[in-house]
Amino acid sequence: MNYRAYGRTGWQISEVSFGAWAIGGTWGPVQDDESMAALHKALECGVNFIDTADVYGDGHSERLIRRLRNETSTPFYVVTKAGRRLNPHVADGYTAENLEAFVDRSRENLGMDTLDLVQLHCPPTDVYYRPEVFEALESLKTAGKIRHWGVSVERVEEALKAMEYPGCQSVQIIFNAFRQRPSELFLSQAKAKQVGVLARLPLSSGMLTGKMSSASTFAPDDHRAFNRDGAGFDKGETFSGIPFEVGLEAVEVLRPLLPAGMSMAEFALKWILMHDGVTAVIPGGKRAEQVEMNCASSDVPDLSPEVMVSVKAVYDRLIRAHVQDRW
């Protein structure tokens, strides 16, 4: 496992870390024993950073991570997210009082007096233009309830705006071979400002594992079944916002680019890690074997410049029109 500096925090985190959405819910059936085995396998593979949120299984993901903290002496960082518990989820709900309540709940769920890092969880765009929201986060730091704060965003515009606030230590953004816009400006800006970048949805909801087909089916509670058109939340969170059949076609065009012996998932994760503005990719994993395969991407050889150009060409030809101007 390789490690990278996480913004200005002083942390060195595993470039392949663990995304804990799937073990919380909305990714089909999941068993706690398998989830715990996946978490332990991540630590065995050198992962020292876990991403979660208070709404993943209504706190279940956070509580599994608390259990992990109790079952191991291996140190690791945890970043959680806050804001999506609001109902309705509107900008006016991002008050100091609500944020403190969310943070206190996560502190309890995780069994941590001081949370390592809290990110706003894809708030409405207007939130980024309200300095009082970020002042509230600074107050939580002063109170010792959080160590650092950042944002998880839907749009590049939001990421660029968030980084204007001096205290922003982290931006989590969808970035993969099917969502390449962040590489055009955002990543260089984040690197210049020394802001950590977490690439979420790195495997495009599993599409970039190369294991799906037109016959693939998903459980009713799996967002890949119910959110393709944004019925539950932003449609960009499911298959990166592209039509399912377009994703399948693009995967087949990418497949000949794979170096010998490299899996599609390793290829997809390595493509992201080739961008030095990225701190870590955070693929999910409901089973230990999935986690082990994801972590292996840290050690596969770099992709050639020619392959990187070819991936860009596939994006330009098949994907760009579906996503570039939306997020």
# chains A, B, ... in the order shown; residues from 1 in each chain; ligands from 1
>>> residues_around(residues="Gly24 of chain A", least_positions_apart="5", cutoff="8 Å", atoms="only C-alpha atoms", output="list in words")
Tyr56, Gly57, Asp58, Gly59, His60 and Ser61 of chain A
>>> select_by_dssp(residues="segment 187-281 of chain A", states="strand (DSSP E or B)", output="NGL selection string")
:A and (196-200 or 280-281)
>>> write_last_selection(atoms="C-alpha atoms", output="mmCIF file, in the first residue's frame")
data_model
loop_
_atom_site.group_PDB
_atom_site.id
_atom_site.type_symbol
_atom_site.label_atom_id
_atom_site.label_comp_id
_atom_site.auth_asym_id
_atom_site.auth_seq_id
_atom_site.Cartn_x
_atom_site.Cartn_y
_atom_site.Cartn_z
ATOM 1 C CA GLY A 196 -7.054 16.675 0.338
ATOM 2 C CA VAL A 197 -9.117 15.026 -2.407
ATOM 3 C CA LEU A 198 -11.145 11.852 -1.962
ATOM 4 C CA ALA A 199 -12.316 10.291 -5.222
ATOM 5 C CA ARG A 200 -15.686 8.746 -4.518
ATOM 6 C CA ALA A 280 -7.158 8.589 -2.133
ATOM 7 C CA VAL A 281 -9.802 6.528 -3.865
#
>>> residues_around(residues="segment 184-187 of chain A", least_positions_apart="6", cutoff="10 Å", atoms="only C-alpha atoms", output="JSON list (two decimals) with N, CA and C atoms, in the first residue's frame")
[["chain", "number", "residue", "atom", "x", "y", "z"],
["A", 156, "VAL", "N", -18.39, 20.40, -9.59],
["A", 156, "VAL", "CA", -17.07, 21.04, -9.55],
["A", 156, "VAL", "C", -17.18, 22.47, -9.03],
["A", 157, "GLU", "N", -18.22, 23.19, -9.44],
["A", 157, "GLU", "CA", -18.43, 24.56, -8.96],
["A", 157, "GLU", "C", -18.43, 24.61, -7.43],
["A", 159, "ALA", "N", -17.06, 22.48, -5.33],
["A", 159, "ALA", "CA", -15.73, 22.19, -4.81],
["A", 159, "ALA", "C", -14.83, 23.41, -4.86],
["A", 160, "LEU", "N", -14.87, 24.12, -5.97],
["A", 160, "LEU", "CA", -14.03, 25.31, -6.11],
["A", 160, "LEU", "C", -14.44, 26.39, -5.11],
["A", 163, "MET", "N", -13.30, 25.56, -1.43],
["A", 163, "MET", "CA", -11.88, 25.76, -1.17],
["A", 163, "MET", "C", -11.51, 27.22, -0.95],
["A", 173, "ILE", "N", -15.28, 14.11, -4.05],
["A", 173, "ILE", "CA", -15.94, 14.40, -5.31],
["A", 173, "ILE", "C", -15.97, 13.14, -6.18],
["A", 193, "LYS", "N", -3.77, 24.52, -3.34],
["A", 193, "LYS", "CA", -4.25, 24.98, -2.03],
["A", 193, "LYS", "C", -3.98, 23.97, -0.93],
["A", 195, "VAL", "N", -5.34, 20.99, -0.44],
["A", 195, "VAL", "CA", -6.61, 20.43, 0.04],
["A", 195, "VAL", "C", -6.64, 18.95, -0.34],
["A", 196, "GLY", "N", -6.95, 18.10, 0.62],
["A", 196, "GLY", "CA", -7.05, 16.67, 0.34],
["A", 196, "GLY", "C", -8.23, 16.37, -0.57],
["A", 197, "VAL", "N", -8.06, 15.40, -1.46],
["A", 197, "VAL", "CA", -9.12, 15.03, -2.41],
["A", 197, "VAL", "C", -9.41, 13.53, -2.29],
["A", 275, "HIS", "N", -3.51, 10.55, -11.21],
["A", 275, "HIS", "CA", -3.67, 11.99, -11.05],
["A", 275, "HIS", "C", -3.15, 12.40, -9.67],
["A", 276, "ASP", "N", -2.04, 13.12, -9.63],
["A", 276, "ASP", "CA", -1.42, 13.37, -8.33],
["A", 276, "ASP", "C", -2.18, 14.37, -7.47],
["A", 277, "GLY", "N", -3.22, 15.02, -8.01],
["A", 277, "GLY", "CA", -4.06, 15.86, -7.18],
["A", 277, "GLY", "C", -5.00, 15.06, -6.29],
["A", 278, "VAL", "N", -5.13, 13.76, -6.57],
["A", 278, "VAL", "CA", -5.98, 12.87, -5.78],
["A", 278, "VAL", "C", -5.19, 12.36, -4.57]]
>>> closest_residue(among="A:Ile282, A:Ala296, A:Ala231, A:Ile174", to="Met262 of chain A", atoms="only C-alpha atoms")
A:Ala296
>>> residues_around(residues="segment 300-314 of chain A", least_positions_apart="4", cutoff="9 Å", atoms="only C-alpha atoms", output="list in words")
Ala177, Phe178, Gln180, Ala250, Val253, Leu254, Leu257, Leu258, Pro259, Met262, Glu266, Phe267, Lys270, Trp271, Leu273, Met274, Ala296, Leu318, Ile319 and Arg320 of chain A
>>> write_last_selection(atoms="C-alpha atoms", output="mmCIF file, in the first residue's frame")
data_model
loop_
_atom_site.group_PDB
_atom_site.id
_atom_site.type_symbol
_atom_site.label_atom_id
_atom_site.label_comp_id
_atom_site.auth_asym_id
_atom_site.auth_seq_id
_atom_site.Cartn_x
_atom_site.Cartn_y
_atom_site.Cartn_z
ATOM 1 C CA ALA A 177 -13.002 7.365 -16.012
ATOM 2 C CA PHE A 178 -16.672 8.234 -16.604
ATOM 3 C CA GLN A 180 -13.382 13.284 -15.865
ATOM 4 C CA ALA A 250 -17.773 2.110 -22.718
ATOM 5 C CA VAL A 253 -14.221 -0.223 -25.440
ATOM 6 C CA LEU A 254 -11.891 0.230 -22.449
ATOM 7 C CA LEU A 257 -6.572 -1.085 -22.989
ATOM 8 C CA LEU A 258 -5.944 -3.197 -19.892
ATOM 9 C CA PRO A 259 -2.286 -4.160 -19.391
ATOM 10 C CA MET A 262 -4.589 -6.254 -14.679
ATOM 11 C CA GLU A 266 -7.499 -2.345 -10.804
ATOM 12 C CA PHE A 267 -7.310 -0.454 -14.074
ATOM 13 C CA LYS A 270 -5.129 3.055 -11.041
ATOM 14 C CA TRP A 271 -6.404 5.510 -13.659
ATOM 15 C CA LEU A 273 -4.415 7.351 -8.843
ATOM 16 C CA MET A 274 -2.389 8.484 -11.854
ATOM 17 C CA ALA A 296 -4.172 -4.453 -4.942
ATOM 18 C CA LEU A 318 -19.170 8.071 -25.417
ATOM 19 C CA ILE A 319 -19.542 9.732 -22.020
ATOM 20 C CA ARG A 320 -18.901 13.468 -22.146
#
>>> closest_residue(among="A:Ala162, A:Leu115, A:Leu68, A:Val103", to="Arg130 of chain A", atoms="only C-alpha atoms")
A:Ala162
>>> residues_around(residues="Ala91 of chain A", least_positions_apart="3", cutoff="9 Å", atoms="only C-alpha atoms", output="ChimeraX atom specification")
/A:94-95,123-127,130
>>> write_last_selection(atoms="N, CA and C atoms", output="PDB file, in the first residue's frame")
ATOM      1  N   TYR A  94     -29.025  24.068   7.307  1.00  0.00           N
ATOM      2  CA  TYR A  94     -27.610  23.991   7.687  1.00  0.00           C
ATOM      3  C   TYR A  94     -27.281  25.079   8.707  1.00  0.00           C
ATOM      4  N   THR A  95     -27.871  24.931   9.895  1.00  0.00           N
ATOM      5  CA  THR A  95     -27.652  25.869  10.985  1.00  0.00           C
ATOM      6  C   THR A  95     -26.599  25.315  11.939  1.00  0.00           C
ATOM      7  N   PRO A 123     -24.445  19.187   0.295  1.00  0.00           N
ATOM      8  CA  PRO A 123     -25.526  20.135   0.579  1.00  0.00           C
ATOM      9  C   PRO A 123     -25.985  20.847  -0.682  1.00  0.00           C
ATOM     10  N   PRO A 124     -27.141  21.528  -0.632  1.00  0.00           N
ATOM     11  CA  PRO A 124     -27.570  22.349  -1.763  1.00  0.00           C
ATOM     12  C   PRO A 124     -26.504  23.393  -2.095  1.00  0.00           C
ATOM     13  N   THR A 125     -26.402  23.739  -3.364  1.00  0.00           N
ATOM     14  CA  THR A 125     -25.348  24.647  -3.812  1.00  0.00           C
ATOM     15  C   THR A 125     -25.329  25.946  -3.021  1.00  0.00           C
ATOM     16  N   ASP A 126     -26.479  26.436  -2.636  1.00  0.00           N
ATOM     17  CA  ASP A 126     -26.544  27.714  -1.937  1.00  0.00           C
ATOM     18  C   ASP A 126     -25.781  27.699  -0.619  1.00  0.00           C
ATOM     19  N   VAL A 127     -25.625  26.526  -0.012  1.00  0.00           N
ATOM     20  CA  VAL A 127     -24.908  26.438   1.268  1.00  0.00           C
ATOM     21  C   VAL A 127     -23.472  26.953   1.141  1.00  0.00           C
ATOM     22  N   ARG A 130     -22.831  30.607   1.960  1.00  0.00           N
ATOM     23  CA  ARG A 130     -23.254  31.067   3.280  1.00  0.00           C
ATOM     24  C   ARG A 130     -22.088  30.907   4.254  1.00  0.00           C
TER      25      ARG A 130
END
>>> select_by_dssp(residues="segment 70-122 of chain A", states="helix (DSSP H, G or I)", output="short mmCIF file (atom, residue, chain, number, x, y, z; two decimals) with N, CA and C atoms, in the first residue's frame")
data_model
loop_
_atom_site.label_atom_id
_atom_site.label_comp_id
_atom_site.auth_asym_id
_atom_site.auth_seq_id
_atom_site.Cartn_x
_atom_site.Cartn_y
_atom_site.Cartn_z
N ASN A 70 -13.15 -1.03 18.48
CA ASN A 70 -13.08 -1.82 19.71
C ASN A 70 -12.41 -3.17 19.51
N GLU A 71 -12.36 -3.63 18.26
CA GLU A 71 -11.83 -4.97 17.99
C GLU A 71 -10.38 -4.98 17.53
N ALA A 91 -31.07 24.33 2.16
CA ALA A 91 -29.95 25.14 2.66
C ALA A 91 -30.24 25.74 4.03
N ASP A 92 -31.48 26.14 4.27
CA ASP A 92 -31.81 26.78 5.55
C ASP A 92 -31.64 25.84 6.74
N GLY A 93 -31.58 24.55 6.47
CA GLY A 93 -31.39 23.59 7.56
C GLY A 93 -29.96 23.50 8.06
N ALA A 96 -26.04 26.21 12.75
CA ALA A 96 -25.06 25.78 13.75
C ALA A 96 -25.66 24.75 14.70
N GLU A 97 -26.92 24.97 15.08
CA GLU A 97 -27.58 24.05 16.01
C GLU A 97 -27.73 22.67 15.39
N ASN A 98 -28.20 22.60 14.15
CA ASN A 98 -28.39 21.30 13.51
C ASN A 98 -27.06 20.59 13.28
N LEU A 99 -26.05 21.32 12.82
CA LEU A 99 -24.76 20.70 12.57
C LEU A 99 -24.17 20.13 13.85
N GLU A 100 -24.30 20.86 14.96
CA GLU A 100 -23.77 20.35 16.23
C GLU A 100 -24.52 19.08 16.65
N ALA A 101 -25.83 19.06 16.43
CA ALA A 101 -26.60 17.86 16.78
C ALA A 101 -26.16 16.66 15.94
N PHE A 102 -25.94 16.89 14.67
CA PHE A 102 -25.47 15.79 13.80
C PHE A 102 -24.10 15.30 14.25
N VAL A 103 -23.21 16.22 14.54
CA VAL A 103 -21.86 15.86 14.98
C VAL A 103 -21.91 15.09 16.29
N ASP A 104 -22.74 15.53 17.22
CA ASP A 104 -22.85 14.83 18.50
C ASP A 104 -23.36 13.40 18.31
N ARG A 105 -24.30 13.23 17.40
CA ARG A 105 -24.81 11.89 17.12
C ARG A 105 -23.72 11.00 16.53
N SER A 106 -22.92 11.55 15.62
CA SER A 106 -21.83 10.77 15.03
C SER A 106 -20.75 10.46 16.07
N ARG A 107 -20.49 11.38 16.96
CA ARG A 107 -19.52 11.12 18.03
C ARG A 107 -19.96 9.93 18.87
N GLU A 108 -21.27 9.87 19.14
CA GLU A 108 -21.81 8.75 19.90
C GLU A 108 -21.72 7.46 19.08
N ASN A 109 -22.16 7.51 17.83
CA ASN A 109 -22.13 6.32 16.99
C ASN A 109 -20.73 5.76 16.84
N LEU A 110 -19.76 6.63 16.69
CA LEU A 110 -18.37 6.22 16.44
C LEU A 110 -17.58 6.00 17.73
#
>>> residues_around(residues="Ile242 of chain A", least_positions_apart="2", cutoff="10 Å", atoms="only C-alpha atoms", output="number ranges by chain")
A: 178-179, 204, 228-229, 235-240, 244-247, 318-323
